[in-house]
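Shown next: target_14.txt, containing compact mmCIF, C-alpha atoms (C1' of nucleotides).
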```
# COMPACT_ATOMS: atom_id res chain seq x y z
CA MET M 86 0.00 0.00 0.00
CA GLU M 87 1.32 3.37 -0.95
CA GLY M 88 1.70 6.31 1.34
CA GLY M 89 -1.19 8.71 1.70
CA MET M 90 -1.94 11.67 -0.48
CA ILE M 91 -4.88 12.89 1.54
CA SER M 92 -5.66 13.03 5.24
CA VAL M 93 -9.06 13.66 6.73
CA ASP M 94 -9.27 14.80 10.35
CA ARG M 95 -5.70 13.61 10.89
CA TRP M 96 -2.80 15.94 11.10
CA GLY M 97 0.38 13.92 10.98
CA LYS M 98 3.18 14.27 8.47
CA GLY M 99 3.19 12.84 5.00
CA SER M 100 0.08 14.00 3.21
CA GLN M 101 -0.26 16.47 0.39
CA ALA M 102 -3.70 17.73 1.33
CA TYR M 103 -5.48 17.89 4.68
CA PHE M 104 -9.24 17.97 5.17
CA LEU M 105 -11.25 18.95 8.22
CA THR M 106 -14.83 17.69 8.51
CA HIS M 107 -15.78 19.82 11.52
CA LEU M 108 -14.31 21.58 14.52
CA HIS M 109 -15.08 19.24 17.40
CA ALA M 110 -12.06 18.52 19.55
CA ASP M 111 -11.89 14.81 18.77
CA HIS M 112 -11.38 15.69 15.10
CA THR M 113 -8.82 18.44 15.57
CA ARG M 114 -6.47 16.63 17.90
CA GLY M 115 -3.00 17.30 16.57
CA LEU M 116 -4.02 20.56 14.93
CA SER M 117 -2.56 23.69 16.44
CA SER M 118 -2.06 27.35 15.78
CA SER M 119 1.44 26.58 14.55
CA TRP M 120 0.18 24.50 11.62
CA ARG M 121 2.83 24.41 8.86
CA ARG M 122 1.92 21.39 6.78
CA GLY M 123 0.28 23.27 3.96
CA PRO M 124 -3.26 23.82 2.74
CA LEU M 125 -6.11 22.73 4.95
CA TYR M 126 -9.50 22.31 3.29
CA CYS M 127 -12.76 22.85 5.13
CA SER M 128 -16.24 24.31 4.78
CA ARG M 129 -16.91 28.05 4.86
CA VAL M 130 -18.54 27.86 8.28
CA SER M 131 -15.62 25.93 9.76
CA ALA M 132 -13.26 28.52 8.29
CA LYS M 133 -15.22 31.30 9.97
CA LEU M 134 -15.08 29.51 13.32
CA PHE M 135 -11.42 28.62 12.96
CA PRO M 136 -9.88 31.70 14.63
CA LEU M 137 -11.98 31.09 17.71
CA LYS M 138 -10.60 27.58 18.16
CA PHE M 139 -7.06 28.37 17.01
CA PRO M 140 -6.41 32.07 17.71
CA ASP M 141 -2.96 32.34 16.14
CA PHE M 142 -3.60 30.00 13.23
CA ASP M 143 -2.26 31.28 9.91
CA LEU M 144 -5.57 31.65 8.08
CA SER M 145 -3.83 31.78 4.71
CA SER M 146 -3.45 28.00 5.04
CA LEU M 147 -7.22 27.55 4.96
CA ARG M 148 -8.95 26.67 1.69
CA VAL M 149 -12.71 27.00 1.71
CA LEU M 150 -14.61 24.41 -0.30
CA ASN M 151 -18.18 25.18 -1.27
CA ILE M 152 -20.76 22.57 -0.36
CA GLY M 153 -22.12 20.77 -3.42
CA SER M 154 -19.30 21.83 -5.76
CA TRP M 155 -16.50 19.74 -7.16
CA HIS M 156 -13.01 21.14 -6.57
CA ARG M 157 -9.94 19.88 -8.38
CA LEU M 158 -6.66 19.33 -6.57
CA SER M 159 -3.45 18.75 -8.47
CA LEU M 160 -1.44 16.35 -6.38
CA SER M 161 1.27 13.88 -7.24
CA SER M 162 1.43 10.15 -6.90
CA PRO M 163 3.53 9.42 -3.81
CA SER M 164 5.28 6.52 -5.54
CA SER M 165 6.00 7.77 -9.03
CA GLY M 166 5.78 11.49 -8.45
CA SER M 167 3.65 11.78 -11.56
CA PRO M 168 0.75 14.24 -11.47
CA ALA M 169 -2.50 12.95 -10.02
CA GLU M 170 -5.74 14.84 -10.16
CA VAL M 171 -8.19 14.43 -7.31
CA ASP M 172 -11.67 15.95 -7.21
CA VAL M 173 -13.42 16.59 -3.93
CA MET M 174 -16.95 17.66 -3.04
CA PRO M 175 -18.10 18.59 0.47
CA ILE M 176 -21.64 17.50 1.31
CA ASP M 177 -23.70 18.68 4.28
CA ALA M 178 -23.24 16.22 7.15
CA LEU M 179 -25.96 17.72 9.37
CA HIS M 180 -23.85 17.09 12.44
CA CYS M 181 -22.90 20.50 13.77
CA PRO M 182 -22.31 23.91 12.16
CA GLY M 183 -19.76 23.61 9.39
CA ALA M 184 -19.74 19.81 9.42
CA VAL M 185 -19.34 18.17 6.01
CA MET M 186 -18.69 14.79 4.44
CA PHE M 187 -16.09 14.61 1.67
CA MET M 188 -16.60 12.78 -1.59
CA PHE M 189 -13.26 12.12 -3.33
CA ARG M 190 -12.97 11.14 -6.98
CA GLY M 191 -9.78 10.11 -8.74
CA ASP M 192 -7.84 7.21 -10.21
CA PHE M 193 -8.72 5.32 -7.05
CA GLY M 194 -12.44 5.58 -7.85
CA HIS M 195 -14.87 7.19 -5.41
CA VAL M 196 -14.14 7.46 -1.72
CA LEU M 197 -16.71 8.93 0.65
CA TYR M 198 -15.69 10.05 4.12
CA THR M 199 -18.74 10.89 6.22
CA GLY M 200 -17.04 12.45 9.21
CA ASP M 201 -19.61 12.61 11.97
CA PHE M 202 -23.05 12.82 10.41
CA ARG M 203 -26.78 12.62 11.07
CA TRP M 204 -28.64 11.02 8.20
CA GLU M 205 -32.20 12.00 8.96
CA THR M 206 -34.76 11.03 6.37
CA THR M 207 -37.06 13.98 7.02
CA GLY M 208 -36.47 17.69 6.66
CA GLU M 209 -35.56 19.91 3.77
CA ARG M 210 -31.84 20.01 4.51
CA SER M 211 -31.63 16.23 4.75
CA GLN M 212 -33.39 15.81 1.42
CA LYS M 213 -31.03 18.31 -0.14
CA ALA M 214 -28.02 16.43 1.20
CA ARG M 215 -29.42 13.17 -0.15
CA THR M 216 -29.89 14.67 -3.59
CA MET M 217 -26.43 16.22 -3.50
CA LEU M 218 -24.88 12.91 -2.61
CA LEU M 219 -26.62 11.07 -5.42
CA ASP M 220 -25.75 13.84 -7.88
CA ALA M 221 -22.11 13.66 -6.81
CA LEU M 222 -22.07 9.94 -7.49
CA ASN M 223 -23.95 10.31 -10.76
CA GLY M 224 -24.48 6.58 -10.88
CA ALA M 225 -20.93 5.69 -9.92
CA ASN M 226 -20.10 3.21 -7.22
CA VAL M 227 -18.52 4.19 -3.91
CA ASP M 228 -15.38 2.08 -3.64
CA VAL M 229 -14.66 2.89 -0.04
CA LEU M 230 -17.08 4.36 2.47
CA TYR M 231 -15.54 5.71 5.66
CA LEU M 232 -18.54 5.69 7.96
CA ASP M 233 -19.43 7.37 11.24
CA ASN M 234 -20.23 4.15 13.05
CA THR M 235 -20.75 5.71 16.48
CA TYR M 236 -24.22 4.23 16.89
CA CYS M 237 -23.87 1.38 14.41
CA ASN M 238 -25.71 -1.09 16.56
CA PRO M 239 -29.42 -2.00 16.39
CA ALA M 240 -29.74 -1.07 20.05
CA TYR M 241 -29.41 2.59 19.08
CA CYS M 242 -32.61 4.05 17.78
CA PHE M 243 -33.87 7.56 18.38
CA PRO M 244 -36.35 10.00 16.84
CA SER M 245 -35.52 12.85 14.50
CA ARG M 246 -34.12 16.00 16.05
CA GLU M 247 -37.36 17.76 15.19
CA VAL M 248 -39.29 15.29 17.34
CA ALA M 249 -36.69 15.34 20.11
CA ALA M 250 -36.76 19.16 20.12
CA GLN M 251 -40.53 19.01 20.54
CA GLN M 252 -40.03 16.73 23.52
CA VAL M 253 -37.68 19.28 25.07
CA ILE M 254 -40.20 22.03 24.44
CA GLU M 255 -42.93 19.96 26.11
CA ILE M 256 -40.77 19.46 29.17
CA ILE M 257 -40.06 23.17 29.44
CA ALA M 258 -43.69 24.12 28.83
CA SER M 259 -44.83 21.72 31.54
CA HIS M 260 -42.54 23.45 34.04
CA PRO M 261 -43.68 27.06 33.63
CA GLU M 262 -42.32 28.20 36.99
CA HIS M 263 -38.95 26.48 36.71
CA ASP M 264 -35.59 27.71 35.55
CA ILE M 265 -34.27 25.46 32.80
CA ILE M 266 -30.67 24.34 32.35
CA ILE M 267 -29.66 22.63 29.09
CA GLY M 268 -26.25 20.99 28.68
CA ILE M 269 -24.53 21.58 25.33
CA ASP M 270 -21.02 21.50 23.87
CA SER M 271 -19.06 24.27 22.22
CA LEU M 272 -20.58 23.49 18.84
CA GLY M 273 -23.84 21.76 17.92
CA LYS M 274 -27.49 21.68 19.04
CA GLU M 275 -28.08 25.29 17.92
CA ASP M 276 -31.24 24.22 16.09
CA LEU M 277 -32.64 22.86 19.34
CA LEU M 278 -32.07 26.17 21.09
CA LEU M 279 -33.57 28.11 18.19
CA ARG M 280 -36.70 25.93 18.23
CA ILE M 281 -37.10 26.43 21.96
CA SER M 282 -36.67 30.15 21.55
CA HIS M 283 -39.14 30.29 18.70
CA CYS M 284 -41.85 28.08 20.21
CA LEU M 285 -41.68 29.45 23.73
CA LYS M 286 -40.99 33.05 22.72
CA THR M 287 -38.01 33.33 24.98
CA LYS M 288 -34.40 34.37 24.77
CA ILE M 289 -31.77 31.83 25.72
CA TRP M 290 -28.79 32.46 27.96
CA VAL M 291 -25.42 31.15 26.79
CA TRP M 292 -21.93 31.65 28.18
CA PRO M 293 -19.83 34.41 26.58
CA GLU M 294 -17.71 32.24 24.27
CA ARG M 295 -20.85 30.52 23.07
CA LEU M 296 -22.48 33.85 22.32
CA GLN M 297 -19.48 34.69 20.15
CA ILE M 298 -20.02 31.46 18.23
CA MET M 299 -23.72 32.27 17.80
CA HIS M 300 -22.80 35.65 16.39
CA ILE M 301 -20.25 34.18 13.99
CA LEU M 302 -22.88 31.70 12.85
CA GLY M 303 -25.20 34.62 12.19
CA TYR M 304 -28.06 33.33 14.29
CA PRO M 305 -30.87 35.72 15.11
CA ASP M 306 -30.60 37.79 18.23
CA VAL M 307 -32.23 35.34 20.60
CA PHE M 308 -29.13 34.54 22.62
CA THR M 309 -27.98 36.58 25.56
CA THR M 310 -25.41 36.51 28.34
CA ARG M 311 -27.73 38.42 30.68
CA THR M 312 -29.28 36.02 33.17
CA SER M 313 -32.16 38.32 34.01
CA LEU M 314 -33.62 38.15 30.50
CA THR M 315 -34.64 34.48 30.45
CA ARG M 316 -35.33 31.38 32.52
CA VAL M 317 -33.74 29.13 29.90
CA ARG M 318 -29.97 28.70 30.05
CA ALA M 319 -27.67 26.58 27.91
CA VAL M 320 -24.55 25.70 29.87
CA PRO M 321 -21.41 23.74 28.94
CA HIS M 322 -22.16 20.06 29.06
CA TYR M 323 -19.13 19.67 31.26
CA SER M 324 -20.48 21.89 34.02
CA PHE M 325 -23.87 20.18 33.98
CA ARG M 326 -23.81 17.99 37.06
CA THR M 327 -26.27 16.60 39.54
CA ASP M 328 -24.79 18.61 42.39
CA THR M 329 -25.12 21.79 40.31
CA LEU M 330 -28.82 21.10 39.81
CA GLU M 331 -29.27 20.24 43.47
CA GLY M 332 -27.51 23.45 44.46
CA LEU M 333 -29.62 25.55 42.10
CA ASN M 334 -32.77 24.03 43.53
CA THR M 335 -31.96 25.43 46.97
CA LEU M 336 -32.33 28.86 45.36
CA ARG M 337 -35.05 28.42 42.73
CA PRO M 338 -36.98 25.48 41.28
CA THR M 339 -34.79 24.35 38.40
CA ILE M 340 -34.70 21.38 36.04
CA GLY M 341 -31.89 20.23 33.79
CA ILE M 342 -32.28 18.76 30.31
CA MET M 343 -29.56 16.65 28.69
CA PRO M 344 -29.99 16.33 24.92
CA SER M 345 -27.96 13.30 23.89
CA GLY M 346 -27.97 10.13 21.84
CA LEU M 347 -27.15 8.32 25.03
CA PRO M 348 -29.48 8.09 28.00
CA TRP M 349 -26.96 7.68 30.78
CA MET M 350 -25.24 11.01 31.00
CA VAL M 351 -26.02 11.32 34.68
CA LYS M 352 -26.26 8.78 37.43
CA PRO M 353 -29.82 7.47 37.77
CA TYR M 354 -31.85 9.02 40.52
CA GLU M 355 -32.38 6.60 43.38
CA GLY M 356 -36.14 6.85 43.13
CA LYS M 357 -38.53 6.83 40.25
CA SER M 358 -36.63 7.00 37.01
CA LYS M 359 -39.15 6.91 34.19
CA ALA M 360 -40.76 10.13 33.06
CA SER M 361 -44.04 8.27 32.62
CA GLU M 362 -44.15 7.84 36.37
CA THR M 363 -43.92 11.55 37.00
CA CYS M 364 -46.19 14.49 36.47
CA LEU M 365 -44.85 14.75 32.94
CA SER M 366 -46.58 12.50 30.50
CA VAL M 367 -44.03 11.15 28.07
CA THR M 368 -45.14 7.94 26.47
CA SER M 369 -43.58 5.71 23.86
CA THR M 370 -42.13 7.86 21.13
CA SER M 371 -42.70 5.33 18.42
CA ARG M 372 -46.41 5.26 19.09
CA ARG M 373 -46.92 8.96 19.26
CA TYR M 374 -44.94 10.12 16.27
CA ASN M 375 -44.97 9.16 12.64
CA VAL M 376 -41.83 7.53 11.46
CA PRO M 377 -40.63 8.15 7.90
CA ASN M 378 -40.83 5.53 5.19
CA GLY M 379 -38.12 2.94 5.27
CA ILE M 380 -37.37 3.50 8.94
CA ARG M 381 -39.02 0.71 10.82
CA VAL M 382 -40.55 1.62 14.14
CA ASP M 383 -38.23 -0.01 16.58
CA ARG M 384 -39.14 -1.08 20.04
CA ASN M 385 -35.71 0.20 21.02
CA MET M 386 -36.78 3.74 20.12
CA ARG M 387 -35.50 5.93 22.91
CA THR M 388 -37.70 8.51 24.48
CA VAL M 389 -37.51 11.05 27.27
CA GLU M 390 -36.26 9.70 30.56
CA ARG M 391 -36.20 11.33 33.93
CA VAL M 392 -32.76 10.25 35.06
CA HIS M 393 -32.64 12.25 38.26
CA GLN M 394 -34.99 14.16 40.51
CA TYR M 395 -34.23 17.33 38.54
CA ILE M 396 -32.84 16.00 35.25
CA TYR M 397 -34.38 14.79 32.00
CA SER M 398 -32.51 12.97 29.27
CA VAL M 399 -33.84 13.58 25.76
CA PRO M 400 -32.72 11.55 22.71
CA TYR M 401 -31.58 14.56 20.69
CA SER M 402 -28.57 13.27 18.73
CA ASP M 403 -26.16 14.79 16.22
CA HIS M 404 -25.07 11.31 15.12
CA SER M 405 -27.10 8.91 13.01
CA CYS M 406 -28.87 6.14 14.82
CA PHE M 407 -28.74 2.58 13.51
CA PRO M 408 -31.80 2.65 11.20
CA GLU M 409 -30.43 5.85 9.63
CA ILE M 410 -26.98 4.37 9.13
CA LYS M 411 -28.62 1.38 7.53
CA ASP M 412 -30.65 3.63 5.23
CA PHE M 413 -27.49 5.47 4.27
CA VAL M 414 -25.49 2.34 3.50
CA GLN M 415 -28.40 0.89 1.53
CA LEU M 416 -28.53 4.05 -0.56
CA ILE M 417 -24.78 4.11 -1.23
CA ARG M 418 -24.27 0.37 -1.59
CA PRO M 419 -20.49 0.77 -1.25
CA SER M 420 -17.97 -1.88 -2.18
CA ASN M 421 -16.13 -1.50 1.08
CA VAL M 422 -16.97 0.10 4.40
CA LYS M 423 -14.66 1.19 7.17
CA GLY M 424 -15.73 2.54 10.50
CA ILE M 425 -14.15 5.86 11.38
CA VAL M 426 -13.56 4.58 14.88
CA SER M 427 -10.03 3.30 14.96
CA MET M 428 -9.25 -0.32 14.43
CA SER M 429 -6.97 -2.69 16.25
CA PRO M 430 -6.14 -6.30 15.40
CA TRP M 431 -8.83 -7.59 17.74
CA TYR M 432 -11.36 -4.86 17.08
CA VAL M 433 -14.78 -6.27 16.34
CA ASP M 434 -16.28 -4.24 13.57
CA PRO M 435 -19.71 -2.82 14.35
CA LEU M 436 -20.35 -2.99 10.62
CA TYR M 437 -21.08 -6.61 11.44
CA TYR M 438 -24.70 -5.52 11.42
CA LEU M 439 -24.48 -4.12 7.91
CA SER M 440 -22.39 -6.61 6.00
CA HIS M 441 -25.37 -7.92 4.04
CA LEU M 442 -25.79 -4.49 2.49
CA PHE M 443 -22.36 -4.23 0.93
CA ARG M 444 -22.01 -4.40 -2.82
CA SER M 445 -19.06 -6.76 -2.74
CA ASN M 446 -18.63 -9.62 -0.34
CA GLN M 447 -16.50 -7.69 2.12
CA ARG M 448 -16.63 -9.39 5.46
CA PRO M 449 -16.79 -7.25 8.55
CA GLN M 450 -13.60 -7.28 10.57
CA ILE M 451 -14.65 -9.71 13.19
CA ASN M 452 -12.41 -12.32 14.61
CA SER M 453 -15.49 -14.32 15.39
CA PRO M 454 -19.00 -13.46 16.45
CA ASN M 455 -18.48 -15.95 19.24
CA PRO M 456 -17.41 -14.15 22.44
CA GLU M 457 -15.20 -16.98 23.62
CA SER M 458 -13.13 -17.15 20.47
CA GLN M 459 -13.00 -13.37 20.39
CA GLY M 460 -11.32 -13.50 23.75
CA GLN M 461 -8.81 -15.99 22.47
CA ALA M 462 -8.03 -13.97 19.39
CA LYS M 463 -7.50 -10.95 21.57
CA ARG M 464 -5.06 -12.68 23.82
CA VAL M 465 -3.08 -14.05 20.92
CA GLN M 466 -2.93 -10.71 19.18
CA GLY M 467 -2.27 -8.88 22.40
CA GLN M 468 0.94 -10.78 22.91
CA GLY M 469 1.96 -10.07 19.36
CA LYS M 470 2.66 -6.92 17.49
CA MET M 471 0.69 -4.38 19.51
CA LYS M 472 2.66 -2.19 21.85
CA SER M 473 1.11 -1.67 25.23
CA LYS M 474 0.51 2.01 24.65
CA ASP M 475 -1.65 1.21 21.63
CA PHE M 476 -4.32 -0.47 23.67
CA ARG M 477 -4.17 1.52 26.84
CA GLY M 478 -7.72 2.20 27.88
CA ALA M 479 -9.14 -0.62 25.83
CA ARG M 480 -12.04 -2.42 27.35
CA GLN M 481 -11.96 -5.96 26.19
CA ARG M 482 -14.81 -7.84 27.76
CA ALA M 483 -17.14 -9.48 25.32
CA ALA M 484 -20.39 -10.45 26.87
CA GLU M 485 -24.07 -10.66 26.44
CA VAL M 486 -25.47 -7.55 28.04
CA ASN M 487 -28.80 -6.01 28.70
CA PHE M 488 -28.94 -2.98 26.47
CA PHE M 489 -31.99 -0.73 26.53
CA GLY M 490 -33.97 -3.67 27.76
CA VAL M 491 -33.05 -5.82 24.77
CA ARG M 492 -30.55 -8.60 25.10
CA ILE M 493 -27.94 -8.21 22.41
CA ARG M 494 -24.42 -9.36 21.93
CA ARG M 495 -21.97 -6.65 22.68
CA VAL M 496 -19.47 -6.42 19.88
CA THR M 497 -18.17 -2.88 20.12
CA ILE M 498 -15.68 -3.15 22.87
CA MET M 499 -12.74 -0.99 21.96
CA ARG M 500 -12.68 2.47 23.30
CA ARG M 501 -12.10 4.81 20.39
CA ILE M 502 -8.48 5.83 20.12
CA HIS M 503 -8.75 8.42 17.41
CA ARG M 504 -10.82 9.45 14.45
CA GLY M 505 -9.70 10.37 10.97
CA VAL M 506 -7.88 8.55 8.23
CA LYS M 507 -5.16 8.81 5.73
CA ILE M 508 -6.76 8.05 2.40
CA VAL M 509 -4.50 6.03 0.18
CA GLU M 510 -4.48 5.08 -3.43
CA SER M 511 -5.13 1.40 -3.04
CA HIS M 512 -8.58 -0.12 -3.55
CA ASP M 513 -7.87 -2.75 -0.98
CA PRO M 514 -9.68 -2.60 2.32
CA ASP M 515 -6.85 -3.54 4.58
C1' DG I 281 6.16 27.79 27.00
C1' DC I 282 4.28 24.38 23.66
C1' DG I 283 2.39 20.31 22.02
C1' DA I 284 1.29 15.61 22.86
C1' DT I 285 -0.63 12.15 25.75
C1' DC I 286 -3.18 10.38 29.59
C1' DA I 287 -6.81 10.26 33.25
C1' DG I 288 -11.02 11.45 34.46
C1' DT I 289 -15.86 13.59 34.11
C1' DT I 290 -20.73 14.14 32.48
C1' DC V 189 -21.74 -0.38 32.46
C1' DA V 190 -22.25 2.04 27.71
C1' DC V 191 -20.41 7.38 24.10
C1' DA V 192 -18.86 11.92 22.47
C1' DA V 193 -16.81 15.80 23.87
C1' DC V 194 -14.38 18.05 26.84
C1' DT V 195 -11.05 19.55 30.94
C1' DG V 196 -7.04 19.33 33.44
C1' DA V 197 -2.67 17.07 34.92
C1' DT V 198 1.56 15.45 33.44
C1' DC V 199 5.41 14.43 30.40
C1' DG V 200 9.08 15.55 27.16
C1' DC V 201 11.40 18.93 24.78
```

Exercise: express the given structure as structure tokens:
Amino acid sequence: MEGGMISVDRWGKGSQAYFLTHLHADHTRGLSSSWRRGPLYCSRVSAKLFPLKFPDFDLSSLRVLNIGSWHRLSLSSPSSGSPAEVDVMPIDALHCPGAVMFMFRGDFGHVLYTGDFRWETTGERSQKARTMLLDALNGANVDVLYLDNTYCNPAYCFPSREVAAQQVIEIIASHPEHDIIIGIDSLGKEDLLLRISHCLKTKIWVWPERLQIMHILGYPDVFTTRTSLTRVRAVPHYSFRTDTLEGLNTLRPTIGIMPSGLPWMVKPYEGKSKASETCLSVTSTSRRYNVPNGIRVDRNMRTVERVHQYIYSVPYSDHSCFPEIKDFVQLIRPSNVKGIVSMSPWYVDPLYYLSHLFRSNQRPQINSPNPESQGQAKRVQGQGKMKSKDFRGARQRAAEVNFFGVRIRRVTIMRRIHRGVKIVESHDPD
DNA sequence: GCGATCAGTT
DNA sequence: CACAACTGATCGC
């Protein structure tokens, strides 16, 4: 296999062109203000946000790529040094502001790198992205799909963000006398806040750095850093804790809302835990809301949970859930699929659940679906070529676990080490 | 001081 | 328990 020409969300030496899908920290690790490795391609929104994340970054290194347009890069083959043309098109990833997928086209065929993405089947923007993707392919086959496999497991199933936002709004509306605290990260979930603001006719407090981001993003003037103007506050996810909520409740009645694809962001309250058992009526999501064509109503569909006396967990996710990933892979029908989550010799590929959808007969990278032989393979490999630092933090138990009330075989057991890839010229899925 | 890596938190 | 995203401590230069 030849050395890489192109790196996506990886910032080591040896590539001719570097691509950034979005500005979350787990995709910019290794990037710094002292970047000297040449042009860095990203979306216009990411470019606008760049100075905030990397204050002294030399902005002349940035190359903005317009979403939906092909751009030609003149690179050279790492082996022969002969010229090699590569075309690239960014496509809306609907993950967070500025987030894009990259479609590459060249002598190697078509390679699609999703970055983190939410493949909703409803909504105007989603439809546009779908059309853009199909237009980009123009009937061609995707040779390698690098896939955001974060929730690539049938146990993960949640409603659209529109539905989840409505759930948040219902929670807030049913607590008219309460202050509301919502945990968010430095980028993402803006649409949720805008919907809340619009439906409940309220401003939303954010911390100063977040207000700066809102201004750069050009959002309407509904955000404020003045506490007195609103009862709804969005705070850094990291400072959203049970003791914070308990402390606030000694001053004023306050509830917290955690929008997340995962329901266990806070320790369960030692009493009632289901929202349906409280004053708030939140019943099965799949019964109450229409589900788009092709997405089967799943009994795993997550809904609102009251996870603590003062805290609600709402399935508002910026990553695709399993049925959406499946829809995406069925649409693309790629020859080969690789999870963006890093691999190790004993890594059990979550794409296990999708292998029947591949165009070729690529087998998922599973040592064996049998937990016992997985364990054996791990031990053998572990004594082999891996250095200890490469699997520090790895969790290696394979077991049958109770997952959202459904017994499934746990196959995703490696903690993610990094994201991002070096895209190479070979067709081979190694 | 800077970047990289690790440990720990929600 | 789980994950993504983030903070802060520590290490090496």

Interface list for chain V, partner chain M, 12 Å threshold, all atoms listed in the file, as a count of residues only: 7

Any chance you could work out the axis-aligned box around chain I, listed atoms only, 4 Å on each side, giving centre and edge lengths in Å to one decimal, as AutoDock Vina command-line options?
```
--center_x -7.3 --center_y 19.0 --center_z 28.2 --size_x 34.9 --size_y 25.5 --size_z 20.4
```

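If you look at CA of Phe139 (chain M) and CA of Phe104 (chain M), they are 15.9 Å away from each other.
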
Can you check which residues of chain I have any atom within 8 Å of chain M? Use only C-alpha atoms (C1' of nucleotides) and format it as a PDB file with C-alpha atoms (C1' of nucleotides), keeping the file's coordinate frame.
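File produced: iface.pdb:
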```pdb
ATOM      1  C1'  DA I 284       1.290  15.610  22.860  1.00  0.00           C
ATOM      2  C1'  DT I 289     -15.860  13.590  34.110  1.00  0.00           C
ATOM      3  C1'  DT I 290     -20.730  14.140  32.480  1.00  0.00           C
TER       4       DT I 290
END
```

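If you look at CA of Leu439 (chain M) and CA of Ala240 (chain M), they are 13.6 Å away from each other.
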
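With all atoms listed in the file as the atoms that count, the minimum distance from Leu230 (chain M) to the choices M:Glu209, M:Phe407, M:Gly166, M:Gly200 is reached by M:Gly200.
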
What does the structure give for the distance between CA of Glu275 (chain M) and CA of Arg311 (chain M), in Å to one decimal? 18.3 Å

Which residues are near DC199 (chain V)? Cut-off 12 Å, all atoms listed in the file, ignore same chain within fewer than 4 positions. Put them as a CSV table (one decimal) with C-alpha atoms (C1' of nucleotides), keeping the file's coordinate frame.
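Now in part24.csv:
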```
chain,number,residue,atom,x,y,z
I,283,DG,C1',2.4,20.3,22.0
I,284,DA,C1',1.3,15.6,22.9
I,285,DT,C1',-0.6,12.2,25.8
I,286,DC,C1',-3.2,10.4,29.6
```
